[in-house]
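Shown below: run_6.txt, with compact mmCIF, C-alpha atoms.
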```
# COMPACT_ATOMS: atom_id res chain seq x y z
CA MET V 45 116.90 -143.23 -117.86
CA ILE V 46 118.11 -142.32 -114.38
CA ASP V 47 121.45 -140.51 -114.39
CA PHE V 48 123.72 -141.84 -111.63
CA SER V 49 126.74 -139.77 -112.61
CA LEU V 50 128.14 -137.13 -110.26
CA ASP V 51 129.45 -133.74 -111.24
CA PRO V 52 132.94 -132.89 -109.91
CA GLN V 53 131.55 -130.45 -107.36
CA MET V 54 129.34 -133.09 -105.74
CA GLU V 55 132.17 -135.62 -105.83
CA GLU V 56 134.40 -133.14 -104.01
CA LEU V 57 131.69 -132.39 -101.44
CA ARG V 58 131.16 -136.11 -100.75
CA THR V 59 134.92 -136.60 -100.31
CA ARG V 60 135.10 -133.73 -97.83
CA ALA V 61 132.15 -135.13 -95.87
CA ARG V 62 133.72 -138.60 -95.81
CA GLU V 63 137.01 -137.23 -94.53
CA PHE V 64 135.28 -135.04 -91.95
CA VAL V 65 133.30 -137.95 -90.50
CA ARG V 66 136.37 -140.21 -90.49
CA ASP V 67 138.80 -137.69 -88.99
CA ILE V 68 136.61 -135.53 -86.74
CA VAL V 69 133.43 -137.43 -85.87
CA VAL V 70 134.47 -141.08 -85.52
CA PRO V 71 137.14 -140.28 -82.86
CA ARG V 72 134.38 -138.68 -80.72
CA GLU V 73 132.12 -141.75 -80.66
CA HIS V 74 133.31 -142.70 -77.16
CA ASP V 75 132.95 -139.18 -75.78
CA PRO V 76 131.56 -139.62 -72.25
CA ARG V 77 128.90 -136.97 -72.80
CA GLN V 78 126.48 -139.64 -74.03
CA ASP V 79 124.05 -141.87 -72.15
CA ARG V 80 121.10 -144.08 -72.96
CA HIS V 81 119.11 -140.97 -73.87
CA GLY V 82 121.61 -139.87 -76.49
CA PRO V 83 124.50 -137.40 -76.85
CA SER V 84 124.41 -134.23 -74.80
CA ASP V 85 123.65 -130.90 -76.42
CA GLU V 86 127.11 -129.72 -75.37
CA LEU V 87 128.69 -132.44 -77.51
CA ARG V 88 126.25 -131.81 -80.35
CA LEU V 89 126.99 -128.09 -80.46
CA GLU V 90 130.74 -128.72 -80.53
CA LEU V 91 130.35 -131.06 -83.50
CA VAL V 92 127.99 -128.67 -85.27
CA ALA V 93 130.52 -125.84 -84.92
CA GLN V 94 133.20 -127.99 -86.56
CA ALA V 95 130.88 -129.01 -89.42
CA ARG V 96 129.92 -125.37 -89.93
CA SER V 97 133.59 -124.43 -90.24
CA ALA V 98 134.03 -127.24 -92.76
CA GLY V 99 131.11 -125.99 -94.86
CA LEU V 100 129.12 -129.22 -94.40
CA LEU V 101 126.13 -128.11 -92.33
CA SER V 102 122.48 -128.77 -93.19
CA ALA V 103 122.72 -130.34 -96.64
CA HIS V 104 118.91 -130.54 -96.87
CA ALA V 105 118.09 -126.91 -96.06
CA PRO V 106 117.72 -124.03 -98.55
CA VAL V 107 120.69 -121.72 -99.02
CA GLU V 108 118.63 -118.66 -98.06
CA TRP V 109 118.19 -120.09 -94.55
CA GLY V 110 121.82 -121.16 -94.13
CA GLY V 111 121.85 -124.67 -95.63
CA LEU V 112 123.66 -126.20 -98.58
CA GLY V 113 120.51 -126.36 -100.70
CA LEU V 114 121.21 -129.79 -102.19
CA ASP V 115 118.63 -131.72 -104.18
CA HIS V 116 117.53 -135.18 -103.03
CA ARG V 117 120.39 -136.93 -104.83
CA GLY V 118 122.92 -134.58 -103.28
CA ARG V 119 121.40 -135.19 -99.86
CA ALA V 120 121.68 -138.94 -100.44
CA LEU V 121 125.44 -138.60 -100.84
CA LEU V 122 126.05 -136.47 -97.77
CA LEU V 123 123.59 -138.22 -95.48
CA GLU V 124 125.12 -141.60 -96.27
CA GLU V 125 128.50 -140.20 -95.26
CA ALA V 126 126.99 -138.64 -92.12
CA GLY V 127 125.40 -141.97 -91.17
CA TYR V 128 128.79 -143.71 -91.22
CA SER V 129 129.01 -142.68 -87.55
CA PRO V 130 126.11 -142.79 -85.06
CA ILE V 131 126.83 -139.15 -84.19
CA GLY V 132 127.58 -138.05 -87.76
CA PRO V 133 124.01 -136.91 -88.54
CA LEU V 134 124.10 -134.71 -85.43
CA ALA V 135 127.40 -133.18 -86.48
CA LEU V 136 126.16 -132.34 -89.98
CA ASN V 137 122.76 -131.26 -88.59
CA VAL V 138 120.79 -133.81 -90.64
CA GLN V 139 119.38 -135.88 -87.77
CA ALA V 140 115.70 -136.61 -87.22
CA PRO V 141 113.40 -134.99 -86.18
CA ASP V 142 115.14 -131.69 -86.98
CA GLU V 143 115.81 -132.64 -90.61
CA GLY V 144 112.15 -133.49 -91.25
CA ASN V 145 110.94 -130.43 -89.37
CA THR V 146 113.22 -128.25 -91.49
CA ASN V 147 111.56 -129.51 -94.67
CA LEU V 148 108.10 -129.02 -93.21
CA LEU V 149 108.75 -125.46 -92.06
CA GLU V 150 110.33 -124.52 -95.37
CA LYS V 151 107.20 -125.65 -97.22
CA VAL V 152 104.42 -124.55 -94.86
CA ALA V 153 105.54 -121.89 -92.35
CA THR V 154 104.89 -118.16 -92.73
CA PRO V 155 107.84 -115.81 -93.34
CA GLU V 156 107.68 -114.74 -89.69
CA GLN V 157 107.65 -118.35 -88.47
CA LYS V 158 110.58 -119.21 -90.72
CA GLU V 159 112.68 -116.36 -89.37
CA ARG V 160 111.86 -117.28 -85.78
CA PHE V 161 112.10 -121.07 -85.97
CA LEU V 162 113.62 -122.24 -89.25
CA ARG V 163 116.77 -120.12 -89.29
CA PRO V 164 118.11 -121.25 -85.88
CA LEU V 165 117.16 -124.84 -86.73
CA VAL V 166 119.18 -124.78 -89.96
CA SER V 167 122.15 -123.19 -88.20
CA GLY V 168 122.14 -125.97 -85.62
CA GLU V 169 121.72 -123.51 -82.75
CA GLN V 170 118.37 -125.01 -81.72
CA ARG V 171 116.65 -128.40 -81.73
CA SER V 172 112.98 -129.21 -82.25
CA ALA V 173 110.44 -131.96 -81.60
CA PHE V 174 107.51 -133.31 -83.59
CA CYS V 175 104.58 -134.33 -81.38
CA MET V 176 102.21 -136.71 -83.14
CA THR V 177 102.50 -140.24 -81.69
CA GLU V 178 100.21 -141.05 -78.75
CA PRO V 179 99.87 -143.91 -76.25
CA ASP V 180 96.77 -145.77 -75.09
CA GLY V 181 95.06 -146.31 -78.44
CA GLY V 182 95.90 -142.89 -79.84
CA ALA V 183 97.65 -141.90 -83.05
CA GLY V 184 100.49 -144.14 -84.18
CA SER V 185 100.64 -146.17 -87.35
CA ASP V 186 97.01 -145.09 -87.86
CA PRO V 187 97.07 -141.28 -87.46
CA ARG V 188 93.28 -141.15 -87.73
CA LEU V 189 93.16 -142.27 -84.09
CA LEU V 190 94.48 -138.85 -83.03
CA ARG V 191 93.12 -138.06 -79.56
CA THR V 192 94.85 -134.80 -78.64
CA THR V 193 92.36 -131.96 -79.17
CA ALA V 194 92.56 -128.28 -80.00
CA THR V 195 89.43 -126.36 -78.99
CA PRO V 196 88.85 -122.64 -79.67
CA ASP V 197 89.22 -120.17 -76.83
CA SER V 198 87.72 -116.71 -76.30
CA ARG V 199 90.89 -114.99 -77.59
CA GLY V 200 90.78 -116.43 -81.08
CA GLY V 201 93.36 -119.10 -80.29
CA TYR V 202 93.14 -122.71 -79.19
CA VAL V 203 93.52 -124.84 -76.07
CA LEU V 204 95.43 -128.12 -76.45
CA ASN V 205 94.74 -131.20 -74.32
CA GLY V 206 96.19 -134.69 -74.65
CA ARG V 207 99.22 -136.91 -74.15
CA LYS V 208 102.03 -137.64 -76.60
CA TRP V 209 104.75 -140.24 -76.30
CA LEU V 210 107.89 -141.41 -78.10
CA ILE V 211 108.55 -137.72 -78.77
CA THR V 212 112.13 -137.76 -79.98
CA GLY V 213 114.38 -134.98 -78.74
CA PHE V 214 111.81 -133.20 -76.57
CA PRO V 215 114.20 -132.70 -73.62
CA GLY V 216 116.30 -129.75 -74.73
CA ALA V 217 114.17 -128.83 -77.75
CA ARG V 218 113.50 -125.11 -78.13
CA PHE V 219 110.22 -125.51 -79.99
CA VAL V 220 107.64 -128.13 -80.94
CA ILE V 221 105.25 -128.95 -83.76
CA VAL V 222 102.10 -130.51 -82.30
CA MET V 223 99.41 -132.44 -84.17
CA ALA V 224 95.91 -132.12 -82.70
CA ARG V 225 92.35 -132.87 -83.74
CA THR V 226 90.77 -129.44 -84.16
CA LEU V 227 87.19 -128.62 -83.13
CA ASP V 228 85.08 -125.55 -83.81
CA ASP V 229 82.82 -123.73 -81.34
CA THR V 230 80.05 -126.29 -81.84
CA GLY V 231 82.35 -129.27 -81.30
CA ARG V 232 82.47 -130.15 -84.99
CA ASP V 233 85.68 -131.93 -86.01
CA LEU V 234 87.61 -129.79 -88.50
CA GLY V 235 90.37 -132.35 -88.97
CA ALA V 236 93.94 -132.45 -87.74
CA SER V 237 95.97 -129.25 -87.48
CA MET V 238 99.59 -128.46 -86.66
CA PHE V 239 100.68 -125.95 -84.05
CA LEU V 240 104.16 -124.41 -83.79
CA PHE V 241 105.40 -122.80 -80.57
CA ASP V 242 108.21 -122.57 -78.01
CA THR V 243 108.63 -125.29 -75.41
CA GLU V 244 108.43 -122.78 -72.56
CA ARG V 245 104.65 -122.98 -72.44
CA ALA V 246 102.42 -123.36 -69.37
CA GLY V 247 100.62 -126.70 -69.27
CA MET V 248 103.11 -128.59 -71.48
CA THR V 249 105.00 -131.01 -69.25
CA MET V 250 107.41 -133.86 -69.83
CA VAL V 251 106.15 -136.61 -67.52
CA GLY V 252 108.75 -139.23 -68.39
CA GLN V 253 111.67 -140.33 -70.55
CA LEU V 254 111.40 -143.73 -72.21
CA ASN V 255 114.34 -146.13 -72.06
CA THR V 256 114.63 -147.43 -75.62
CA MET V 257 117.02 -149.60 -77.62
CA ASP V 258 118.43 -146.68 -79.57
CA ASN V 259 120.38 -143.75 -78.20
CA ASN V 260 121.43 -141.64 -81.18
CA SER V 261 119.19 -138.59 -80.62
CA PRO V 262 119.81 -135.97 -77.90
CA GLY V 263 117.14 -136.17 -75.22
CA GLY V 264 115.96 -139.61 -76.26
CA HIS V 265 112.19 -140.16 -76.38
CA ALA V 266 109.75 -138.48 -74.01
CA ILE V 267 106.16 -138.65 -72.75
CA VAL V 268 104.59 -135.19 -72.88
CA ASP V 269 101.30 -134.01 -71.40
CA PHE V 270 99.29 -131.06 -72.70
CA GLU V 271 96.89 -129.69 -70.10
CA ASP V 272 95.00 -126.58 -71.22
CA VAL V 273 97.97 -125.35 -73.25
CA ARG V 274 97.01 -122.06 -74.88
CA VAL V 275 98.25 -121.26 -78.37
CA GLY V 276 97.51 -118.23 -80.50
CA ALA V 277 95.99 -118.15 -83.96
CA ASP V 278 99.42 -117.09 -85.28
CA GLU V 279 100.87 -120.35 -83.90
CA VAL V 280 98.91 -122.53 -86.31
CA LEU V 281 101.35 -124.05 -88.82
CA GLY V 282 99.76 -123.75 -92.24
CA GLU V 283 95.98 -123.96 -92.35
CA VAL V 284 93.55 -125.41 -89.84
CA GLY V 285 92.41 -128.91 -90.76
CA ARG V 286 95.27 -129.69 -93.15
CA GLY V 287 97.55 -131.40 -90.64
CA PHE V 288 97.46 -134.85 -92.24
CA ARG V 289 98.33 -133.39 -95.64
CA TYR V 290 101.30 -131.55 -94.11
CA ALA V 291 102.36 -134.72 -92.30
CA GLN V 292 102.66 -136.46 -95.67
CA LEU V 293 104.78 -133.58 -96.98
CA ARG V 294 107.10 -134.22 -94.06
CA LEU V 295 107.08 -138.03 -93.97
CA GLY V 296 107.82 -138.79 -97.63
CA PRO V 297 111.24 -137.12 -97.78
CA ALA V 298 111.93 -138.10 -94.14
CA ARG V 299 111.58 -141.79 -95.01
CA MET V 300 114.23 -141.34 -97.66
CA THR V 301 116.65 -139.53 -95.37
CA HIS V 302 116.28 -142.37 -92.86
CA CYS V 303 117.33 -144.72 -95.67
CA MET V 304 120.30 -142.52 -96.53
CA ARG V 305 121.62 -142.29 -92.97
CA TRP V 306 121.20 -145.99 -92.23
CA LEU V 307 122.90 -146.92 -95.48
CA GLY V 308 126.00 -145.20 -94.14
CA ALA V 309 125.68 -146.99 -90.80
CA ALA V 310 125.30 -150.40 -92.43
CA ARG V 311 128.26 -149.68 -94.70
CA ARG V 312 130.35 -148.92 -91.60
CA CYS V 313 129.42 -152.28 -90.06
CA HIS V 314 130.23 -154.09 -93.29
CA ASP V 315 133.64 -152.37 -93.54
CA ILE V 316 134.48 -153.48 -90.00
CA ALA V 317 133.35 -157.03 -90.76
CA VAL V 318 135.44 -157.13 -93.96
CA ASP V 319 138.56 -155.96 -92.12
CA TYR V 320 138.01 -158.63 -89.45
CA ALA V 321 137.41 -161.36 -92.04
CA ARG V 322 140.72 -160.46 -93.69
CA GLU V 323 142.75 -160.42 -90.49
CA ARG V 324 141.19 -163.13 -88.32
CA HIS V 325 142.37 -166.73 -88.91
CA ALA V 326 140.47 -169.87 -87.93
CA PHE V 327 140.84 -173.50 -88.93
CA GLY V 328 143.98 -172.84 -90.95
CA LYS V 329 142.89 -169.90 -93.11
CA ARG V 330 141.49 -166.40 -93.05
CA LEU V 331 137.94 -166.11 -91.78
CA GLY V 332 136.85 -164.56 -95.06
CA ASP V 333 138.13 -167.57 -97.00
CA HIS V 334 135.56 -169.80 -95.32
CA GLU V 335 132.55 -170.10 -97.59
CA GLY V 336 130.00 -169.37 -94.86
CA VAL V 337 131.61 -166.04 -94.00
CA GLY V 338 132.38 -165.19 -97.62
CA PHE V 339 128.74 -165.69 -98.57
CA MET V 340 127.62 -163.35 -95.78
CA LEU V 341 129.98 -160.66 -97.05
CA ALA V 342 128.67 -161.15 -100.60
CA ASP V 343 125.07 -160.85 -99.35
CA ASN V 344 126.05 -157.65 -97.54
CA GLU V 345 127.42 -156.17 -100.75
CA MET V 346 124.24 -157.04 -102.62
CA ASP V 347 121.96 -155.57 -99.94
CA LEU V 348 124.03 -152.37 -99.78
CA HIS V 349 124.08 -152.00 -103.55
CA SER V 350 120.36 -152.69 -103.97
CA SER V 351 119.48 -150.25 -101.20
CA ARG V 352 121.56 -147.53 -102.79
CA LEU V 353 119.89 -148.08 -106.16
CA LEU V 354 116.40 -147.84 -104.62
CA ILE V 355 117.35 -144.66 -102.78
CA TRP V 356 118.71 -143.09 -105.94
CA GLN V 357 115.66 -144.06 -107.96
CA ALA V 358 113.29 -142.48 -105.44
CA CYS V 359 115.50 -139.40 -105.14
CA TRP V 360 115.60 -139.00 -108.92
CA LEU V 361 111.80 -139.10 -109.05
CA LEU V 362 111.50 -136.59 -106.22
CA ASP V 363 113.95 -134.27 -107.98
CA GLN V 364 111.82 -134.51 -111.13
CA GLY V 365 108.77 -133.44 -109.14
CA ALA V 366 107.09 -136.79 -109.73
CA ARG V 367 104.64 -138.41 -107.35
CA ALA V 368 106.85 -140.97 -105.63
CA ARG V 369 104.74 -142.18 -102.71
CA GLU V 370 105.01 -145.84 -103.70
CA GLU V 371 108.74 -145.55 -104.40
CA THR V 372 109.50 -143.98 -101.04
CA SER V 373 107.40 -146.63 -99.28
CA MET V 374 109.17 -149.44 -101.10
CA ALA V 375 112.58 -147.93 -100.43
CA LYS V 376 111.76 -147.49 -96.75
CA VAL V 377 110.63 -151.11 -96.34
CA TYR V 378 113.42 -152.64 -98.38
CA CYS V 379 116.22 -150.53 -96.92
CA SER V 380 115.08 -150.94 -93.32
CA GLU V 381 115.09 -154.71 -93.69
CA ALA V 382 118.10 -155.13 -96.01
CA LEU V 383 120.34 -152.81 -94.01
CA SER V 384 119.31 -154.52 -90.78
CA ARG V 385 120.43 -157.79 -92.38
CA VAL V 386 123.80 -156.23 -93.21
CA VAL V 387 124.32 -155.17 -89.60
CA ASP V 388 123.14 -158.54 -88.27
CA ARG V 389 125.54 -160.45 -90.54
CA SER V 390 128.36 -158.14 -89.48
CA VAL V 391 127.71 -159.01 -85.83
CA GLN V 392 127.78 -162.70 -86.76
CA ILE V 393 131.05 -162.40 -88.66
CA LEU V 394 132.68 -160.61 -85.72
CA GLY V 395 131.56 -163.36 -83.35
CA GLY V 396 132.17 -162.55 -79.70
CA ARG V 397 133.72 -159.20 -80.59
CA GLY V 398 130.47 -158.24 -82.33
CA ILE V 399 128.42 -158.24 -79.14
CA THR V 400 130.90 -156.04 -77.25
CA ASP V 401 131.50 -152.31 -77.47
CA HIS V 402 134.99 -152.91 -78.87
CA THR V 403 133.48 -151.89 -82.21
CA VAL V 404 130.61 -149.58 -83.09
CA VAL V 405 128.72 -152.51 -84.65
CA GLU V 406 126.98 -153.41 -81.38
CA ARG V 407 125.70 -149.85 -80.99
CA ILE V 408 124.46 -149.67 -84.58
CA TYR V 409 122.80 -153.08 -84.17
CA ARG V 410 120.69 -151.65 -81.34
CA ASP V 411 120.02 -148.36 -83.10
CA ILE V 412 118.99 -149.71 -86.50
CA ARG V 413 116.26 -152.02 -85.19
CA SER V 414 113.95 -149.05 -84.74
CA PHE V 415 114.26 -148.20 -88.45
CA ARG V 416 111.71 -150.91 -89.26
CA ILE V 417 109.17 -149.08 -87.04
CA TYR V 418 109.83 -145.34 -87.37
CA ASP V 419 107.93 -143.42 -90.06
CA GLY V 420 105.63 -146.36 -90.67
CA PRO V 421 106.28 -150.02 -89.81
CA SER V 422 107.09 -152.32 -92.70
CA GLU V 423 103.71 -153.99 -92.37
CA VAL V 424 101.80 -150.72 -92.81
CA HIS V 425 103.75 -149.85 -95.95
CA ARG V 426 103.17 -153.33 -97.37
CA TRP V 427 99.45 -153.03 -96.60
CA ALA V 428 99.25 -149.66 -98.38
CA LEU V 429 101.18 -150.96 -101.38
CA ALA V 430 99.00 -154.06 -101.57
CA ARG V 431 95.88 -151.91 -101.47
CA SER V 432 97.11 -149.78 -104.38
CA ILE V 433 97.95 -152.91 -106.38
CA VAL V 434 94.53 -154.48 -105.83
CA ASP V 435 92.29 -151.42 -105.90
CA GLU V 436 93.75 -149.24 -108.64
CA PRO V 437 93.17 -150.18 -112.31
CA GLY V 438 96.51 -151.08 -113.80
CA GLY V 439 98.04 -151.67 -110.37
CA ARG V 440 100.87 -149.60 -108.98
CA GLU V 441 101.86 -148.09 -112.33
CA ALA V 442 98.45 -146.41 -112.55
CA GLY V 443 98.96 -144.89 -109.10
CA MET V 444 102.22 -143.27 -110.27
CA LYS V 445 100.61 -141.28 -113.09
```

Show me this structure written as structure tokens.
Amino acid sequence: MIDFSLDPQMEELRTRAREFVRDIVVPREHDPRQDRHGPSDELRLELVAQARSAGLLSAHAPVEWGGLGLDHRGRALLLEEAGYSPIGPLALNVQAPDEGNTNLLEKVATPEQKERFLRPLVSGEQRSAFCMTEPDGGAGSDPRLLRTTATPDSRGGYVLNGRKWLITGFPGARFVIVMARTLDDTGRDLGASMFLFDTERAGMTMVGQLNTMDNNSPGGHAIVDFEDVRVGADEVLGEVGRGFRYAQLRLGPARMTHCMRWLGAARRCHDIAVDYARERHAFGKRLGDHEGVGFMLADNEMDLHSSRLLIWQACWLLDQGARAREETSMAKVYCSEALSRVVDRSVQILGGRGITDHTVVERIYRDIRSFRIYDGPSEVHRWALARSIVDEPGGREAGMK
């Protein structure tokens, strides 16, 4: 049986995070140091400093590197509270891609790489970028289409060539993790590998910033070219040819933290809609007393509750060390769609106010749409789940053993 109870220490930590986001972060949501490519690093660093003073920084990171060292259930609590504001995850240093990169480095990087890259990432002093997605028929939902190459050079290192796009946070990032198809001296494909190095590298150039619906990550989303970029053998992350395996180590927990953050965002929209339905009168009674609006609020509550249960179930399995690939996929699909419904209904309940910037609902409505695409579109997860149901004896339960 899954234990949903909280010990007093975690309850106190969640309360502190809730109060911090409400009192410190929410009042900064209209700070002018934000544009369509996200909050500025100046604003981010100010918020990080306040969260550090409050003892709320980097819930997901190990204590030895400066984080809170929480398990997946503990992270679920704090990341939901962080997500209550669009800039809350930045303040608590649990925003993608840095959060996912932290987990990857903790599991795969060498001690020297951890000291150089992981420690300043956990402290919030630096940002990072993860370069996998490609345009023009390259890697996306199907990572096997990876076109960026890493070929050996005469110094024992590699030369990277290719183009990446939708690279979140690249402008202003201090280092990158790059996925590339690795070749040996004969041109034989060794599989995908990851490379870890500073952004000040000859041949690596940002050739454009993409204007997207969302604007919650500093730097937005970039197009990056790699033209004869030289990397050393000591800049391989993990082992050559194991890049896809490492990507799965990163993506599984990252899907869950997306769910956690967006649960907080959807809860914020629902709270605003509830307040409006209580105060606004139309046709002789409160808006919330009309059955059509009341039913939407009830559906919101059910979607929020069901999403939270799925998140906690997957987190419990992860904390037990169980294989939870199917559970994280199901949670990602369900939460991305259910929480989007919550935000959409909240806009509808608010009416004209809902499509203005008089509330944060309009901003969250734009931001959350990408959740159904990032870290695997809903359709890809459904396809993978269907394949496991049909192909594996005993269906999905057999795949969990």

Could you give me, as a PDB file with C-alpha atoms, keeping the file's coordinate frame, the residues within 9 Å of range 99-101 of chain V, counting all atoms listed in the file and dropping anything in the same chain fewer than 2 positions from it?
```pdb
ATOM      1  CA  LEU V  57     131.690-132.390-101.440  1.00  0.00           C
ATOM      2  CA  ARG V  60     135.100-133.730 -97.830  1.00  0.00           C
ATOM      3  CA  ALA V  61     132.150-135.130 -95.870  1.00  0.00           C
ATOM      4  CA  PHE V  64     135.280-135.040 -91.950  1.00  0.00           C
ATOM      5  CA  VAL V  92     127.990-128.670 -85.270  1.00  0.00           C
ATOM      6  CA  ALA V  93     130.520-125.840 -84.920  1.00  0.00           C
ATOM      7  CA  GLN V  94     133.200-127.990 -86.560  1.00  0.00           C
ATOM      8  CA  ALA V  95     130.880-129.010 -89.420  1.00  0.00           C
ATOM      9  CA  ARG V  96     129.920-125.370 -89.930  1.00  0.00           C
ATOM     10  CA  SER V  97     133.590-124.430 -90.240  1.00  0.00           C
ATOM     11  CA  ALA V 103     122.720-130.340 -96.640  1.00  0.00           C
ATOM     12  CA  HIS V 104     118.910-130.540 -96.870  1.00  0.00           C
ATOM     13  CA  ALA V 105     118.090-126.910 -96.060  1.00  0.00           C
ATOM     14  CA  GLY V 110     121.820-121.160 -94.130  1.00  0.00           C
ATOM     15  CA  GLY V 111     121.850-124.670 -95.630  1.00  0.00           C
ATOM     16  CA  LEU V 112     123.660-126.200 -98.580  1.00  0.00           C
ATOM     17  CA  LEU V 122     126.050-136.470 -97.770  1.00  0.00           C
ATOM     18  CA  ALA V 135     127.400-133.180 -86.480  1.00  0.00           C
ATOM     19  CA  LEU V 136     126.160-132.340 -89.980  1.00  0.00           C
ATOM     20  CA  ASN V 137     122.760-131.260 -88.590  1.00  0.00           C
ATOM     21  CA  VAL V 138     120.790-133.810 -90.640  1.00  0.00           C
ATOM     22  CA  VAL V 166     119.180-124.780 -89.960  1.00  0.00           C
ATOM     23  CA  SER V 167     122.150-123.190 -88.200  1.00  0.00           C
ATOM     24  CA  GLY V 168     122.140-125.970 -85.620  1.00  0.00           C
TER      25      GLY V 168
END
```

Quiz item: Smallest atom-to-atom distance to Glu150 in chain V: which of V:Val391, V:Cys359, V:Val107, V:Ala326, using all atoms listed in the file?
Solution: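 Distance minimum relative to Glu150 in chain V lands on V:Val107.
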
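Put simply, CA of Arg294 in chain V is 5.4 Å away from CA of Leu148 in chain V.
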
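Distance annotation: of V:Asp278, V:Asp419, V:Asp242, V:Asp228, the residue with the minimal separation from Pro187 in chain V is V:Asp419; atom set is only C-alpha atoms.
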
Self-check item: Which residue of V:Leu383, V:Leu394, V:Val251, V:Val377 approaches His425 in chain V most closely, using only C-alpha atoms
Solution: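 Counting only C-alpha atoms, the residue closest to His425 in chain V is V:Val377.
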
Find the spatial neighbours of range 73-83 of chain V, counting all atoms listed in the file, within a cut-off of 6 Å - ignore same-chain residues fewer than 5 positions away - and output them as a short mmCIF file (atom, residue, chain, number, x, y, z; two decimals) with C-alpha atoms, keeping the file's coordinate frame.
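Writing done, so here's out03.cif:
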```
data_model
loop_
_atom_site.label_atom_id
_atom_site.label_comp_id
_atom_site.auth_asym_id
_atom_site.auth_seq_id
_atom_site.Cartn_x
_atom_site.Cartn_y
_atom_site.Cartn_z
CA ASN V 259 120.38 -143.75 -78.20
CA ASN V 260 121.43 -141.64 -81.18
CA SER V 261 119.19 -138.59 -80.62
CA PRO V 262 119.81 -135.97 -77.90
CA GLY V 263 117.14 -136.17 -75.22
CA GLY V 264 115.96 -139.61 -76.26
#
```

Quiz item: For Leu165 in chain V, which residue among V:Leu361, V:Leu307, V:Ala217, V:Leu353 is the nearest when counting all atoms listed in the file?
Solution: V:Ala217

Quiz prompt | Val405 in chain V environment, 10 Å, only C-alpha atoms, sequence neighbours closer than 6 positions dropped, as a PyMOL selection string | solution = chain V and resi 309-310+312-314+316-317+387-388+390-391+394+397-399+411

Exercise. Compare V:Lys329, V:Arg199, V:His349, V:Arg311 by their minimum atom-to-atom distance to Gly276 in chain V, counting all atoms listed in the file, and give me the closest one.
Key: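 Among V:Lys329, V:Arg199, V:His349, V:Arg311, it is V:Arg199 that comes nearest to Gly276 in chain V.
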
Quiz item: Rounded to one decimal in Å, what is the spacing between CA of Ile408 in chain V and CA of Asp343 in chain V?
Solution: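 Result for CA of Ile408 in chain V versus CA of Asp343 in chain V: 18.5 Å, one decimal.
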
Quiz item: So how far away is CA of Gly213 in chain V from CA of Arg171 in chain V, in Å?
Solution: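 Atom-to-atom, CA of Arg171 in chain V to CA of Gly213 in chain V, that is 7.6 Å.
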
Quiz prompt | 7 Å contact set for Thr372 in chain V, all atoms listed in the file, chain neighbours under 2 positions out, as an NGL selection string | solution = :V and (296 or 299-300 or 358 or 368-370 or 374-376)

Quick one: what's the axis-aligned box for range 363-371 of chain V, all listed atoms, 5 Å on every side, centre and edges in Å to one decimal, as AutoDock Vina command-line options?
```
--center_x 109.3 --center_y -139.6 --center_z -106.9 --size_x 19.3 --size_y 22.4 --size_z 18.4
```

Quiz prompt | V:Pro52, V:Gly113, V:Pro164, V:Pro130 ranked by distance to Pro71 in chain V, top pick (using all atoms listed in the file) | solution =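 Closest to Pro71 in chain V, using all atoms listed in the file: V:Pro130.
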
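Neighbours of Met304 in chain V closer than or equal to 8 Å, with only C-alpha atoms counted and sequence neighbours fewer than 4 positions away skipped, come out as V:Ala120, V:Leu121, V:Leu123, V:Glu124, V:Gly127, V:Met300, V:Gly308, V:Ile355.
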
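Taking all atoms listed in the file into account, the residues near (112.6, -133.2, -90.2), no farther than 10 Å, are V:His104, V:Val138, V:Gln139, V:Ala140, V:Pro141, V:Asp142, V:Glu143, V:Gly144, V:Asn145, V:Thr146, V:Asn147, V:Leu148, V:Leu149, V:Ser172, V:Ala173, V:Phe174, V:Arg294, V:Leu295, V:Pro297, V:Ala298, V:Arg299, V:Thr301.
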